[in-house]
Amino acid sequence: MITTQECTAMTQELAKQTREAERPMFCHIMDARALRPNQRLMTYGAAYISFVPNELLEMIFVETVRAVTGADEDHSFSCGPASLRLRPRPELLLASVSQHWRAVALGMPLLWTEIRLVLGQNIDLVELYLMRSQGQLLDIRFAGGVCNLHSRGSPELEPDYLRISNIILSHIHVCRRLEVHGDLPFPKLLDGTRRAKAPMLEELIVHYPPNIPNNRHLLFTEGVFLSADRLTVLTLSGLWVSGLSPENFSNLLSCFTSLTHLTLIGEPVDYVRTRDLPVIEIPLLQTMVLKPGPNISRTYLPTVFRTIRAPVLRELVLDFHTATSLRDIQSLVDKLKRGTPPFPSVRHLTLHSRSMAHDGWFALAHAFSGITTLSVSNCIVNQLMGFLTCAGRRDAFPNLRTLLFDDVQFEWLLLLQLLQIREKAGMPVREVKMKGFRKYAQSEPFGKLVNSLAKYAPVVIGWT
């Protein structure tokens, strides 16, 4: 059996290797070293990238734009939309490299379907994207303004908001994804959405600021979008002081009968000032993400769990990274420990947190005993394994078969102990996946660790 000293040495070697920063995929694609001229193809003075088939070049373009867009979306959720307006658009950069690249980029309508709208923007750029998209379904994002933050609510900006509202409403019928960061109540947009048909809309994301009363923002109406039958993804982000009332929240969700993914960021529903809490039935919901912000009200999370009914919910994500302290979620822990399991159909539970006390793990084990997959962030991996190897808690999560970790740095000896205990108890873990594991899978330290695990516990080690 692998000794403690060997495991410690392997873990230290692993930590040394993981300090090497990983670069995004698009950086590798566009790496200047990878584009060095090939001497065998320099007969006509051209670099070998010029000989790449158009089909492959199109794939490179798509992956590059996708990587940058994905990074922008992650950044917008964590830091707000302000920085997005200053980033150069990757498709514009690709189209300006050479005549050949420009011709390839202009021949790809899907490359120009993301329409970004900002206050003070040149309308010609919007028209350019609309022309180049050639009628493809659009992703429309309004991300605030380029002006000073204190001047966004001034009357001088109302013509800009009116112009943006007209653009959104005139193209809502071919919009696949709509994202709005609003600083004013958008009177025309509000009125227009009550009559607009959005038959192709699949995803709606609304971030609303605290300076809009909760009866005036975009989603105040149960008649929002007369036709949005294809909408499957809804994301709401905001604070309770400007959040939807429970009644409006219920009315909104009743309109979207095809909803399968729901994300609530911050505290977008005002459960503080209302006692009338209708139960919300979402029959097709499969994934729910809860990402509360700092200083949330104690009633928020327990009320969400009590009022939402999702009979086929399969995946639940609890992201507590931005919570001020564990006291912010203690009321939820108390409810989960004592109450009836809220979502018995959940099979995949994801937990992101800086820390999780033994009491919290006990509550989750009681509420989600049927899960088969558990994904946790790197800060709480050791805490989870400590809980599962504790003498009085070895029967927790009896159906658990897959563990997903955010990192490769944890107590591997504790993992080995956990796998052996679960195997002996007849509740074996069959698969352990780690983010970043693929990079080090062939290294000697990992080889020893994997061989040891395979020898003492039949488990598949992989990566995400």
# chains A, B, ... in the order shown; residues from 1 in each chain; ligands from 1

call {"tool": "residues_around", "arguments": {"residues": "segment 132-145 of chain A", "least_positions_apart": "2", "cutoff": "6 Å", "atoms": "only C-alpha atoms", "output": "CSV table (one decimal) with C-alpha atoms, in the first residue's frame"}}
result
chain,number,residue,atom,x,y,z
A,81,PRO,CA,-20.6,44.2,-18.0
A,109,PRO,CA,-22.7,34.4,-41.2
A,112,TRP,CA,-21.5,37.8,-36.9
A,113,THR,CA,-24.7,36.9,-35.0
A,114,GLU,CA,-23.7,38.3,-31.6
A,115,ILE,CA,-25.1,41.9,-31.5
A,116,ARG,CA,-23.7,44.0,-28.6
A,117,LEU,CA,-25.6,47.2,-27.8
A,118,VAL,CA,-24.1,50.0,-25.6
A,119,LEU,CA,-25.1,53.6,-24.9
A,129,TYR,CA,-23.2,42.9,-38.0
A,130,LEU,CA,-26.9,42.6,-39.0
A,147,CYS,CA,-20.6,56.8,-20.3
A,174,VAL,CA,-35.1,36.4,-35.1
A,175,CYS,CA,-33.5,36.5,-31.6
A,176,ARG,CA,-32.2,33.3,-30.1
A,177,ARG,CA,-30.6,34.8,-27.0
A,178,LEU,CA,-31.4,38.1,-25.3
A,179,GLU,CA,-29.3,39.5,-22.5
A,180,VAL,CA,-30.2,42.9,-20.9
A,181,HIS,CA,-28.3,44.9,-18.3

call {"tool": "select_by_dssp", "arguments": {"residues": "segment 285-361 of chain A", "states": "strand (DSSP E or B)", "output": "PyMOL selection string"}}
result
chain A and resi 287-291+308-309+315-319+348-352

call {"tool": "closest_residue", "arguments": {"among": "A:Ala367, A:Leu290, A:Leu106, A:Val381", "to": "Ser355 of chain A", "atoms": "only C-alpha atoms"}}
result
A:Val381

call {"tool": "closest_residue", "arguments": {"among": "A:Ser331, A:Asn451, A:Asn54, A:Asn251", "to": "Ala103 of chain A", "atoms": "only C-alpha atoms"}}
result
A:Asn54

call {"tool": "closest_residue", "arguments": {"among": "A:Thr322, A:Ser297, A:Ser50, A:Ser345", "to": "Ile265 of chain A", "atoms": "only C-alpha atoms"}}
result
A:Thr322

call {"tool": "atom_distance", "arguments": {"atom1": "atom CA of Tyr161 of chain A", "atom2": "atom CA of Lys291 of chain A"}}
result
29.1 Å

call {"tool": "select_by_dssp", "arguments": {"residues": "segment 229-382 of chain A", "states": "alpha helix (DSSP H)", "output": "PyMOL selection string"}}
result
chain A and resi 246-255+300-307+330-338+358-367+381-382

call {"tool": "residues_around", "arguments": {"residues": "Gly360 of chain A", "least_positions_apart": "5", "cutoff": "12 Å", "atoms": "only C-alpha atoms", "output": "PyMOL selection string"}}
result
chain A and resi 326-327+329-337+351+353+355+365-367+380+383-384+387

call {"tool": "write_last_selection", "arguments": {"atoms": "N, CA and C atoms", "output": "mmCIF file, in the first residue's frame"}}
result
data_model
loop_
_atom_site.group_PDB
_atom_site.id
_atom_site.type_symbol
_atom_site.label_atom_id
_atom_site.label_comp_id
_atom_site.auth_asym_id
_atom_site.auth_seq_id
_atom_site.Cartn_x
_atom_site.Cartn_y
_atom_site.Cartn_z
ATOM 1 N N LEU A 326 -20.653 31.691 6.128
ATOM 2 C CA LEU A 326 -21.551 30.553 6.206
ATOM 3 C C LEU A 326 -22.830 30.883 6.965
ATOM 4 N N ARG A 327 -22.816 31.959 7.753
ATOM 5 C CA ARG A 327 -24.041 32.351 8.440
ATOM 6 C C ARG A 327 -25.128 32.754 7.450
ATOM 7 N N ILE A 329 -25.955 31.234 4.827
ATOM 8 C CA ILE A 329 -26.667 30.052 4.326
ATOM 9 C C ILE A 329 -27.074 29.113 5.456
ATOM 10 N N GLN A 330 -26.880 29.527 6.710
ATOM 11 C CA GLN A 330 -27.201 28.654 7.826
ATOM 12 C C GLN A 330 -28.685 28.331 7.882
ATOM 13 N N SER A 331 -29.535 29.296 7.502
ATOM 14 C CA SER A 331 -30.973 29.027 7.523
ATOM 15 C C SER A 331 -31.344 27.926 6.535
ATOM 16 N N LEU A 332 -30.647 27.873 5.402
ATOM 17 C CA LEU A 332 -30.887 26.794 4.442
ATOM 18 C C LEU A 332 -30.431 25.460 5.023
ATOM 19 N N VAL A 333 -29.267 25.456 5.655
ATOM 20 C CA VAL A 333 -28.760 24.233 6.277
ATOM 21 C C VAL A 333 -29.753 23.707 7.304
ATOM 22 N N ASP A 334 -30.298 24.599 8.131
ATOM 23 C CA ASP A 334 -31.265 24.181 9.147
ATOM 24 C C ASP A 334 -32.503 23.572 8.510
ATOM 25 N N LYS A 335 -32.959 24.174 7.394
ATOM 26 C CA LYS A 335 -34.151 23.642 6.722
ATOM 27 C C LYS A 335 -33.879 22.263 6.114
ATOM 28 N N LEU A 336 -32.725 22.106 5.477
ATOM 29 C CA LEU A 336 -32.407 20.840 4.820
ATOM 30 C C LEU A 336 -32.226 19.708 5.825
ATOM 31 N N LYS A 337 -31.736 20.027 7.016
ATOM 32 C CA LYS A 337 -31.517 18.989 8.025
ATOM 33 C C LYS A 337 -32.831 18.413 8.542
ATOM 34 N N LEU A 351 -21.463 21.747 -5.698
ATOM 35 C CA LEU A 351 -21.332 22.671 -4.582
ATOM 36 C C LEU A 351 -20.021 23.443 -4.706
ATOM 37 N N SER A 353 -17.982 26.438 -2.722
ATOM 38 C CA SER A 353 -17.956 27.183 -1.476
ATOM 39 C C SER A 353 -16.519 27.294 -0.987
ATOM 40 N N SER A 355 -15.839 27.096 2.184
ATOM 41 C CA SER A 355 -15.770 26.163 3.308
ATOM 42 C C SER A 355 -17.145 25.553 3.516
ATOM 43 N N ALA A 365 -26.458 15.642 2.836
ATOM 44 C CA ALA A 365 -26.608 14.190 2.748
ATOM 45 C C ALA A 365 -28.046 13.772 3.045
ATOM 46 N N HIS A 366 -28.705 14.482 3.962
ATOM 47 C CA HIS A 366 -30.098 14.165 4.277
ATOM 48 C C HIS A 366 -31.035 14.586 3.141
ATOM 49 N N ALA A 367 -30.787 15.778 2.573
ATOM 50 C CA ALA A 367 -31.708 16.324 1.566
ATOM 51 C C ALA A 367 -31.514 15.711 0.193
ATOM 52 N N ILE A 380 -13.113 22.677 -0.779
ATOM 53 C CA ILE A 380 -13.855 21.811 0.145
ATOM 54 C C ILE A 380 -13.711 20.328 -0.185
ATOM 55 N N GLN A 383 -12.615 18.511 2.943
ATOM 56 C CA GLN A 383 -13.704 18.513 3.922
ATOM 57 C C GLN A 383 -14.754 17.467 3.575
ATOM 58 N N LEU A 384 -15.058 17.344 2.281
ATOM 59 C CA LEU A 384 -16.016 16.325 1.849
ATOM 60 C C LEU A 384 -15.506 14.926 2.178
ATOM 61 N N PHE A 387 -15.679 14.144 5.809
ATOM 62 C CA PHE A 387 -17.037 13.835 6.241
ATOM 63 C C PHE A 387 -17.425 12.403 5.866
#

call {"tool": "closest_residue", "arguments": {"among": "A:Leu388, A:Leu285, A:Ala396, A:Leu204", "to": "Gly370 of chain A", "atoms": "only C-alpha atoms"}}
result
A:Ala396

call {"tool": "residues_around", "arguments": {"residues": "Met427 of chain A", "least_positions_apart": "2", "cutoff": "10 Å", "atoms": "only C-alpha atoms", "output": "CSV table (one decimal) with N, CA and C atoms, in the first residue's frame"}}
result
chain,number,residue,atom,x,y,z
A,394,ARG,N,-20.5,7.2,7.3
A,394,ARG,CA,-20.0,6.5,6.1
A,394,ARG,C,-21.1,6.0,5.2
A,395,ASP,N,-22.4,6.1,5.7
A,395,ASP,CA,-23.5,5.7,4.9
A,395,ASP,C,-24.1,6.9,4.2
A,396,ALA,N,-23.5,8.1,4.2
A,396,ALA,CA,-24.0,9.3,3.5
A,396,ALA,C,-24.0,9.1,2.0
A,397,PHE,N,-24.9,9.6,1.3
A,397,PHE,CA,-25.0,9.5,-0.2
A,397,PHE,C,-24.8,8.1,-0.6
A,398,PRO,N,-25.7,7.2,-0.3
A,398,PRO,CA,-25.5,5.8,-0.6
A,398,PRO,C,-25.4,5.4,-2.0
A,399,ASN,N,-26.0,6.2,-2.9
A,399,ASN,CA,-26.0,5.9,-4.3
A,399,ASN,C,-24.8,6.6,-5.1
A,400,LEU,N,-24.0,7.3,-4.4
A,400,LEU,CA,-22.9,8.1,-5.0
A,400,LEU,C,-21.9,7.2,-5.8
A,401,ARG,N,-21.7,7.5,-7.1
A,401,ARG,CA,-20.8,6.6,-7.9
A,401,ARG,C,-19.8,7.5,-8.6
A,419,LEU,N,-12.3,5.6,-0.9
A,419,LEU,CA,-12.6,4.6,-1.8
A,419,LEU,C,-12.7,3.2,-1.2
A,420,GLN,N,-11.7,2.9,-0.3
A,420,GLN,CA,-11.7,1.6,0.3
A,420,GLN,C,-12.9,1.4,1.3
A,421,ILE,N,-13.2,2.5,2.0
A,421,ILE,CA,-14.3,2.4,2.9
A,421,ILE,C,-15.6,2.2,2.2
A,422,ARG,N,-15.8,2.9,1.1
A,422,ARG,CA,-17.1,2.8,0.3
A,422,ARG,C,-17.2,1.4,-0.3
A,423,GLU,N,-16.1,0.9,-0.8
A,423,GLU,CA,-16.1,-0.4,-1.4
A,423,GLU,C,-16.5,-1.5,-0.4
A,424,LYS,N,-15.9,-1.4,0.8
A,424,LYS,CA,-16.2,-2.4,1.8
A,424,LYS,C,-17.6,-2.3,2.3
A,425,ALA,N,-18.2,-1.1,2.3
A,425,ALA,CA,-19.6,-0.9,2.8
A,425,ALA,C,-20.6,-1.2,1.7
A,429,VAL,N,-17.5,4.0,-5.0
A,429,VAL,CA,-17.3,5.0,-6.0
A,429,VAL,C,-16.6,4.5,-7.2
A,430,ARG,N,-17.2,4.6,-8.4
A,430,ARG,CA,-16.6,4.0,-9.6
A,430,ARG,C,-15.8,5.0,-10.4

call {"tool": "atom_distance", "arguments": {"atom1": "atom CA of Gly120 of chain A", "atom2": "atom CA of Ile205 of chain A"}}
result
22.1 Å

call {"tool": "atom_distance", "arguments": {"atom1": "atom CA of His358 of chain A", "atom2": "atom CA of Leu264 of chain A"}}
result
26.0 Å

call {"tool": "residues_around", "arguments": {"residues": "Leu374 of chain A", "least_positions_apart": "2", "cutoff": "6 Å", "atoms": "only C-alpha atoms", "output": "list in words"}}
result
His348, Leu349, Thr350 and Leu403 of chain A
